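*Asks:* What follows is the file coords.csv, containing CSV, C-alpha atoms and all ligand atoms:
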```csv
chain,number,residue,atom,x,y,z
A,1,MET,CA,138.9,112.7,115.7
A,2,ALA,CA,139.0,115.8,113.5
A,3,VAL,CA,139.6,113.7,110.5
A,4,LYS,CA,136.6,111.5,111.2
A,5,LYS,CA,134.3,114.6,111.5
A,6,GLN,CA,135.4,115.9,108.1
A,7,ALA,CA,134.9,112.6,106.4
A,8,ALA,CA,131.2,112.2,107.1
A,9,PRO,CA,129.9,115.1,105.1
A,10,LYS,CA,131.9,114.0,102.0
A,11,LYS,CA,130.1,110.6,102.1
A,12,ALA,CA,126.7,112.3,102.5
A,13,VAL,CA,127.3,114.5,99.5
A,14,SER,CA,128.5,111.7,97.3
A,15,ALA,CA,125.6,109.5,98.3
A,16,LYS,CA,123.1,112.1,96.8
A,17,LYS,CA,125.0,112.4,93.5
A,18,PRO,CA,124.3,109.3,91.4
A,19,ALA,CA,121.0,110.4,89.7
A,20,LEU,CA,122.3,113.8,88.7
A,21,THR,CA,125.6,112.4,87.6
A,22,LYS,CA,123.9,109.9,85.3
A,23,LYS,CA,122.0,112.6,83.5
A,24,ALA,CA,124.9,114.9,83.3
A,25,LYS,CA,127.1,112.2,81.9
A,26,PHE,CA,124.8,111.4,78.9
A,27,ASP,CA,127.2,111.7,76.0
A,28,ALA,CA,125.9,111.6,72.4
A,29,HIS,CA,129.3,110.8,71.1
A,30,ALA,CA,129.7,107.8,73.4
A,31,GLN,CA,126.1,106.8,72.7
A,32,THR,CA,126.6,106.8,69.0
A,33,THR,CA,129.8,104.7,69.3
A,34,GLU,CA,127.9,102.1,71.4
A,35,VAL,CA,124.9,102.1,69.1
A,36,ALA,CA,127.3,101.6,66.1
A,37,ARG,CA,129.1,98.8,67.9
A,38,ARG,CA,125.9,96.9,68.7
A,39,LEU,CA,124.4,97.4,65.3
A,40,ALA,CA,127.5,96.0,63.7
A,41,ILE,CA,127.0,92.8,65.7
A,42,GLY,CA,123.3,92.7,65.0
A,43,TYR,CA,123.7,93.4,61.3
A,44,PRO,CA,127.2,92.1,60.3
A,45,GLU,CA,126.4,92.2,56.6
A,46,VAL,CA,125.8,95.7,55.4
A,47,ILE,CA,123.5,95.8,52.4
A,48,CYS,CA,121.9,98.4,50.3
A,49,GLU,CA,118.4,97.1,49.6
A,50,LEU,CA,118.1,98.9,46.2
A,51,ASP,CA,119.1,96.4,43.5
A,52,HIS,CA,121.9,97.7,41.2
A,53,LYS,CA,124.9,96.6,39.2
A,54,ASN,CA,126.8,99.9,38.9
A,55,ALA,CA,126.8,103.6,39.9
A,56,TYR,CA,124.4,104.7,37.2
A,57,GLU,CA,121.8,102.1,38.3
A,58,LEU,CA,122.1,102.9,42.0
A,59,LEU,CA,121.9,106.6,41.3
A,60,SER,CA,118.8,106.1,39.1
A,61,ALA,CA,117.2,103.7,41.7
A,62,THR,CA,117.9,106.2,44.5
A,63,ILE,CA,116.2,109.0,42.6
A,64,LEU,CA,113.2,106.7,42.1
A,65,SER,CA,113.1,105.8,45.8
A,66,ALA,CA,111.9,109.2,46.9
A,67,GLN,CA,108.5,108.7,48.6
A,68,CYS,CA,108.6,105.1,47.5
A,69,THR,CA,109.6,101.8,49.0
A,70,ASP,CA,112.7,100.0,47.9
A,71,VAL,CA,110.6,96.9,47.1
A,72,ARG,CA,108.5,98.9,44.6
A,73,VAL,CA,111.6,100.5,43.1
A,74,ASN,CA,113.2,97.0,42.7
A,75,MET,CA,110.1,95.9,40.8
A,76,VAL,CA,110.5,98.8,38.3
A,77,THR,CA,114.2,99.0,37.7
A,78,PRO,CA,114.8,95.8,35.8
A,79,ALA,CA,112.6,97.0,32.9
A,80,LEU,CA,114.0,100.5,33.2
A,81,PHE,CA,117.6,99.3,32.9
A,82,VAL,CA,116.8,97.0,30.0
A,83,ARG,CA,115.3,99.9,28.1
A,84,TYR,CA,117.9,102.4,29.3
A,85,PRO,CA,121.1,100.6,30.1
A,86,ASP,CA,123.3,103.6,30.4
A,87,PRO,CA,123.2,107.4,30.7
A,88,TRP,CA,123.3,108.0,27.0
A,89,SER,CA,120.1,106.0,26.3
A,90,LEU,CA,118.4,107.6,29.3
A,91,ALA,CA,119.4,111.1,28.3
A,92,ALA,CA,117.7,110.5,24.9
A,93,ALA,CA,114.6,108.8,26.3
A,94,ASP,CA,111.1,109.6,25.2
A,95,PRO,CA,109.6,111.2,28.3
A,96,ALA,CA,106.2,109.6,27.9
A,97,GLU,CA,107.7,106.1,27.6
A,98,LEU,CA,109.9,106.7,30.6
A,99,GLU,CA,107.0,107.9,32.6
A,100,THR,CA,105.0,104.8,31.8
A,101,ILE,CA,107.9,102.6,33.0
A,102,ILE,CA,108.3,104.4,36.4
A,103,ARG,CA,104.7,105.4,37.0
A,104,SER,CA,104.1,103.0,39.9
A,105,THR,CA,106.9,104.6,42.0
A,106,GLY,CA,104.8,107.8,42.3
A,107,PHE,CA,105.6,111.4,41.3
A,108,TYR,CA,106.5,109.9,38.0
A,109,GLN,CA,106.5,113.1,36.0
A,110,SER,CA,109.0,114.9,38.1
A,111,LYS,CA,111.1,111.7,38.6
A,112,ALA,CA,111.2,111.3,34.8
A,113,ARG,CA,112.4,114.8,34.4
A,114,ASN,CA,115.1,114.3,37.1
A,115,LEU,CA,116.2,111.0,35.6
A,116,MET,CA,116.6,112.5,32.1
A,117,GLY,CA,118.3,115.6,33.5
A,118,MET,CA,120.6,113.5,35.6
A,119,ALA,CA,121.6,111.4,32.6
A,120,GLN,CA,122.0,114.4,30.3
A,121,ASN,CA,124.3,116.0,32.9
A,122,LEU,CA,126.4,112.8,33.2
A,123,VAL,CA,126.8,112.7,29.5
A,124,GLU,CA,127.5,116.4,29.0
A,125,ARG,CA,129.6,117.2,32.0
A,126,PHE,CA,131.1,113.9,33.3
A,127,GLY,CA,131.7,111.8,30.2
A,128,GLY,CA,128.9,109.5,31.1
A,129,GLU,CA,130.5,108.6,34.4
A,130,VAL,CA,128.9,109.1,37.9
A,131,PRO,CA,131.1,111.5,39.8
A,132,SER,CA,132.3,110.6,43.3
A,133,GLU,CA,132.5,114.0,44.9
A,134,LEU,CA,129.4,115.1,46.8
A,135,SER,CA,129.9,118.7,45.5
A,136,ASP,CA,129.5,117.3,41.9
A,137,LEU,CA,126.7,114.8,42.8
A,138,VAL,CA,124.4,117.4,44.3
A,139,THR,CA,124.5,119.5,41.1
A,140,LEU,CA,122.7,116.7,39.3
A,141,PRO,CA,118.9,117.0,38.9
A,142,GLY,CA,117.0,115.0,41.6
A,143,VAL,CA,120.2,114.5,43.7
A,144,GLY,CA,120.5,115.9,47.2
A,145,ARG,CA,122.9,115.1,50.0
A,146,LYS,CA,121.1,111.9,50.9
A,147,THR,CA,121.2,110.4,47.4
A,148,GLY,CA,124.8,111.7,46.9
A,149,ASN,CA,125.9,110.1,50.1
A,150,VAL,CA,124.3,106.8,49.2
A,151,VAL,CA,126.3,106.7,45.9
A,152,ARG,CA,129.5,107.8,47.6
A,153,SER,CA,129.4,105.2,50.4
A,154,VAL,CA,127.9,102.2,48.6
A,155,ILE,CA,129.6,102.5,45.2
A,156,PHE,CA,132.9,104.4,45.9
A,157,ASP,CA,133.4,103.3,49.6
A,158,LEU,CA,133.9,107.0,50.4
A,159,PRO,CA,132.7,108.7,53.6
A,160,GLY,CA,129.0,109.5,53.3
A,161,LEU,CA,126.2,109.3,55.8
A,162,PRO,CA,122.8,109.3,54.1
A,163,VAL,CA,120.0,110.5,56.5
A,164,ASP,CA,116.6,109.2,55.4
A,165,THR,CA,113.5,109.0,57.5
A,166,HIS,CA,114.7,105.9,59.3
A,167,VAL,CA,118.1,107.4,60.2
A,168,GLY,CA,116.6,110.6,61.4
A,169,ARG,CA,113.9,108.8,63.5
A,170,LEU,CA,116.3,106.3,65.1
A,171,SER,CA,118.9,109.0,65.8
A,172,ARG,CA,116.4,111.1,67.7
A,173,ARG,CA,114.9,108.1,69.6
A,174,LEU,CA,118.3,106.9,70.6
A,175,GLY,CA,119.4,110.3,71.8
A,176,LEU,CA,122.1,110.8,69.2
A,177,THR,CA,120.6,114.1,68.2
A,178,LYS,CA,117.7,116.4,68.9
A,179,LEU,CA,117.7,117.9,65.4
A,180,GLU,CA,115.1,117.4,62.8
A,181,ASP,CA,116.7,118.8,59.6
A,182,PRO,CA,118.4,115.8,57.8
A,183,VAL,CA,121.5,117.8,56.8
A,184,LYS,CA,122.0,119.0,60.3
A,185,VAL,CA,121.5,115.4,61.6
A,186,GLU,CA,124.1,114.2,59.1
A,187,LEU,CA,126.7,116.8,60.1
A,188,GLU,CA,126.1,116.1,63.8
A,189,LEU,CA,126.5,112.3,63.4
A,190,ASN,CA,129.6,112.8,61.3
A,191,ASN,CA,131.3,114.2,64.4
A,192,TYR,CA,130.7,111.0,66.3
A,193,LEU,CA,132.1,108.4,64.0
A,194,PRO,CA,135.1,108.0,61.7
A,195,GLY,CA,134.3,108.7,58.0
A,196,SER,CA,135.0,105.0,57.2
A,197,GLU,CA,131.9,104.0,59.3
A,198,TRP,CA,129.4,106.7,58.1
A,199,GLY,CA,127.9,104.7,55.3
A,200,SER,CA,127.7,101.4,57.1
A,201,PHE,CA,126.2,103.1,60.2
A,202,SER,CA,123.5,104.7,58.1
A,203,LEU,CA,122.6,101.4,56.4
A,204,ARG,CA,122.4,99.6,59.7
A,205,LEU,CA,120.1,102.2,61.2
A,206,ILE,CA,117.9,101.8,58.1
A,207,LEU,CA,117.8,98.0,58.6
A,208,HIS,CA,117.1,98.4,62.3
A,209,GLY,CA,114.4,100.9,61.5
A,210,ARG,CA,112.7,98.5,59.1
A,211,ARG,CA,113.0,95.4,61.1
A,212,VAL,CA,112.7,96.5,64.8
A,213,CYS,CA,112.3,100.3,65.4
A,214,ASP,CA,109.2,100.8,63.3
A,215,ALA,CA,107.9,104.4,63.1
A,216,ARG,CA,104.5,103.5,64.6
A,217,LYS,CA,105.2,100.3,66.4
A,218,PRO,CA,108.8,100.0,67.7
A,219,GLN,CA,109.5,96.5,69.1
A,220,CYS,CA,111.4,97.6,72.2
A,221,THR,CA,111.0,94.3,73.9
A,222,ILE,CA,113.2,92.5,71.3
A,223,CYS,CA,115.5,95.5,70.6
A,224,GLU,CA,119.2,95.0,71.4
A,225,LEU,CA,119.5,98.7,72.1
A,226,ALA,CA,116.7,98.9,74.6
A,227,ASP,CA,118.9,99.1,77.7
A,228,ILE,CA,120.7,102.2,76.4
A,229,CYS,CA,117.7,103.8,74.5
A,230,PRO,CA,116.1,106.8,76.2
A,231,SER,CA,112.9,106.1,74.2
A,232,ALA,CA,112.5,102.4,75.1
A,233,GLY,CA,109.0,101.5,76.1
A,234,LEU,CA,107.7,105.1,75.7
A,235,PRO,CA,104.5,105.7,73.8
A,236,VAL,CA,104.7,107.0,70.2
A,237,ILE,CA,103.3,110.4,69.8
A,238,GLY,CA,103.2,110.9,66.1
A,239,PRO,CA,104.2,108.7,63.2
A,240,THR,CA,107.9,109.2,63.7
A,241,THR,CA,108.6,110.5,67.2
A,242,LYS,CA,108.3,109.3,70.8
A,243,ARG,CA,107.5,111.2,73.9
A,244,PRO,CA,110.8,112.5,75.4
A,245,ALA,CA,111.4,111.0,78.9
A,246,LYS,CA,111.4,114.4,80.6
A,247,GLU,CA,107.8,115.1,79.5
A,248,LYS,CA,106.5,112.0,81.1
B,1,LIG,S1,114.4,100.5,72.3
B,1,LIG,FE1,112.6,100.9,71.1
B,1,LIG,S2,112.6,103.1,70.5
B,1,LIG,FE2,114.7,102.4,71.2
B,1,LIG,S3,115.8,101.8,69.3
B,1,LIG,FE3,114.9,100.0,70.2
B,1,LIG,S4,112.9,99.7,69.2
B,1,LIG,FE4,113.6,101.9,68.8
```
Could you express the structure from this file as structure tokens?
Ligand code: SF4
*Replies:*
Amino acid sequence: MAVKKQAAPKKAVSAKKPALTKKAKFDAHAQTTEVARRLAIGYPEVICELDHKNAYELLSATILSAQCTDVRVNMVTPALFVRYPDPWSLAAADPAELETIIRSTGFYQSKARNLMGMAQNLVERFGGEVPSELSDLVTLPGVGRKTGNVVRSVIFDLPGLPVDTHVGRLSRRLGLTKLEDPVKVELELNNYLPGSEWGSFSLRLILHGRRVCDARKPQCTICELADICPSAGLPVIGPTTKRPAKEK
């Protein structure tokens, strides 16, 4: 009889636990792993949507993609690479002519300066080759961690997790991070996946952000991540964020 009396309270306590346990068990590491697994099924072919034939072209195209769509960049780069097929020709470009070619990508004067500076550095410091180390890449004009990681992961198949607007937005909506700073987001996500998956994970988040999880109109009803996404079905507050569940 004594045993039966002790057993009842244990059942009562455990019956009240599930809601609290679910919240306490949210694990960004496990969530990232599951998101990566599902995205790999949804987007089996990992593609960089900036047209390029080599490291020099991808580096140039990525510099041009700042504040510009990949579609627009892809309309500009064919003429750019015919006129300047390598770092040596770009380093010696006439700035006015270069600006005319890239004008439609926006911020064309600073982009022209960065492109020429990047090319001059490649010629003078790296023998005309694009370096693979992030510490070298970020010393080039117009190249930050995002651009450097694009080149590392896409061209050299080295660990690199570019965090652009899509990667940042989806990571926050999916609960992978609460951080806003792209570099901090990158370093946090790096903890959750093996280096060999960083680049493909970033590219798949970008594809999902473009096709399903739009900044203003996320299509949660057709999203394969909806059942594990803390933002599913919630209203969009601003252009890139959604109301956190706890504020509802
Ligand atoms: S469920 Fe909605 S908010 Fe979450 S990832 Fe999918 S589209 Fe984005």
*Asks:* With a distance cut-off of 10 Å and only C-alpha atoms, select the neighbouring residues of Gln31 of chain A, excluding the residue or stretch itself and same-chain residues fewer than 2 positions from it, and output the selection as a list in words.
*Replies:* Phe26, Asp27, Ala28, His29, Thr33, Glu34, Val35, Ala36, Arg37, Leu174, Gly175, Leu176, Tyr192, Ile228 and Cys229 of chain A
*Asks:* Neighbours of segment 112-115 of chain A within 8 Å (all atoms listed in the file; same-chain residues fewer than 5 positions away dropped), as a list in words?
*Replies:*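 Surrounding residues, per the criterion: Ser60, Ile63, Leu90, Ala91, Pro95, Leu98, Glu99, Ile102, Pro141 and Gly142 of chain A.
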*Asks:* Could you jot down the atom CA of Leu205 of chain A to atom FE4 of ligand LIG 1 (chain B) separation for me, Å, one decimal place?
*Replies:*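 Rounded to one decimal, the two atoms are 10.0 Å apart.
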*Asks:* As a PyMOL selection string, please: every protein or nucleic acid residue near ligand LIG 1 (chain B) (cut-off 7 Å, counting all atoms listed in the file).
*Replies:* chain A and resi 170+173-174+212-213+218-220+223-226+229-233
*Asks:* Pick the closest to Asn149 of chain A from A:Phe81, A:Ser89, A:Phe107, A:Pro162: which is it, counting only C-alpha atoms?
*Replies:*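 Of A:Phe81, A:Ser89, A:Phe107, A:Pro162, the one nearest Asn149 of chain A is A:Pro162, counting only C-alpha atoms.
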*Asks:* Using all atoms listed in the file, which of the listed residues (A:Gln120, A:Thr165, A:Thr69, A:Ser110) sits closest to Leu203 of chain A?
*Replies:*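 Under the stated criterion, the closest residue is A:Thr165.
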*Asks:* How far is it from atom CA of Ala96 of chain A to atom CA of Glu129 of chain A, in Å with one decimal?
*Replies:*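 Distance reported for this atom pair: 25.2 Å.
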*Asks:* Could you tell me how far atom CA of Pro87 of chain A sits from atom CA of Ser132 of chain A, in Å to one decimal place?
*Replies:* 15.9 Å
*Asks:* Write out as JSON, numbers by chain each polymer residue whose atoms come within 10 Å of segment 50-57 of chain A, counting only C-alpha atoms; drop sequence neighbours fewer than 4 positions from it.
*Replies:* {"A": [61, 62, 63, 65, 69, 70, 71, 72, 73, 74, 75, 77, 78, 80, 81, 84, 85, 86, 87, 118, 119, 122, 128, 129, 130, 131, 132, 151, 152, 154, 155, 156]}
*Asks:* Using all atoms listed in the file, which protein or nucleic acid residues come within 10 Å of Glu180 of chain A? Drop anything in the same chain fewer than 5 positions from it, and give the result as a PDB file with C-alpha atoms, keeping the file's coordinate frame.
*Replies:*
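The result, written out as out-v5.pdb:
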```pdb
ATOM      1  CA  GLY A 168     116.600 110.600  61.400  1.00  0.00           C
ATOM      2  CA  ARG A 169     113.900 108.800  63.500  1.00  0.00           C
ATOM      3  CA  SER A 171     118.900 109.000  65.800  1.00  0.00           C
ATOM      4  CA  ARG A 172     116.400 111.100  67.700  1.00  0.00           C
ATOM      5  CA  VAL A 185     121.500 115.400  61.600  1.00  0.00           C
TER       6      VAL A 185
END
```
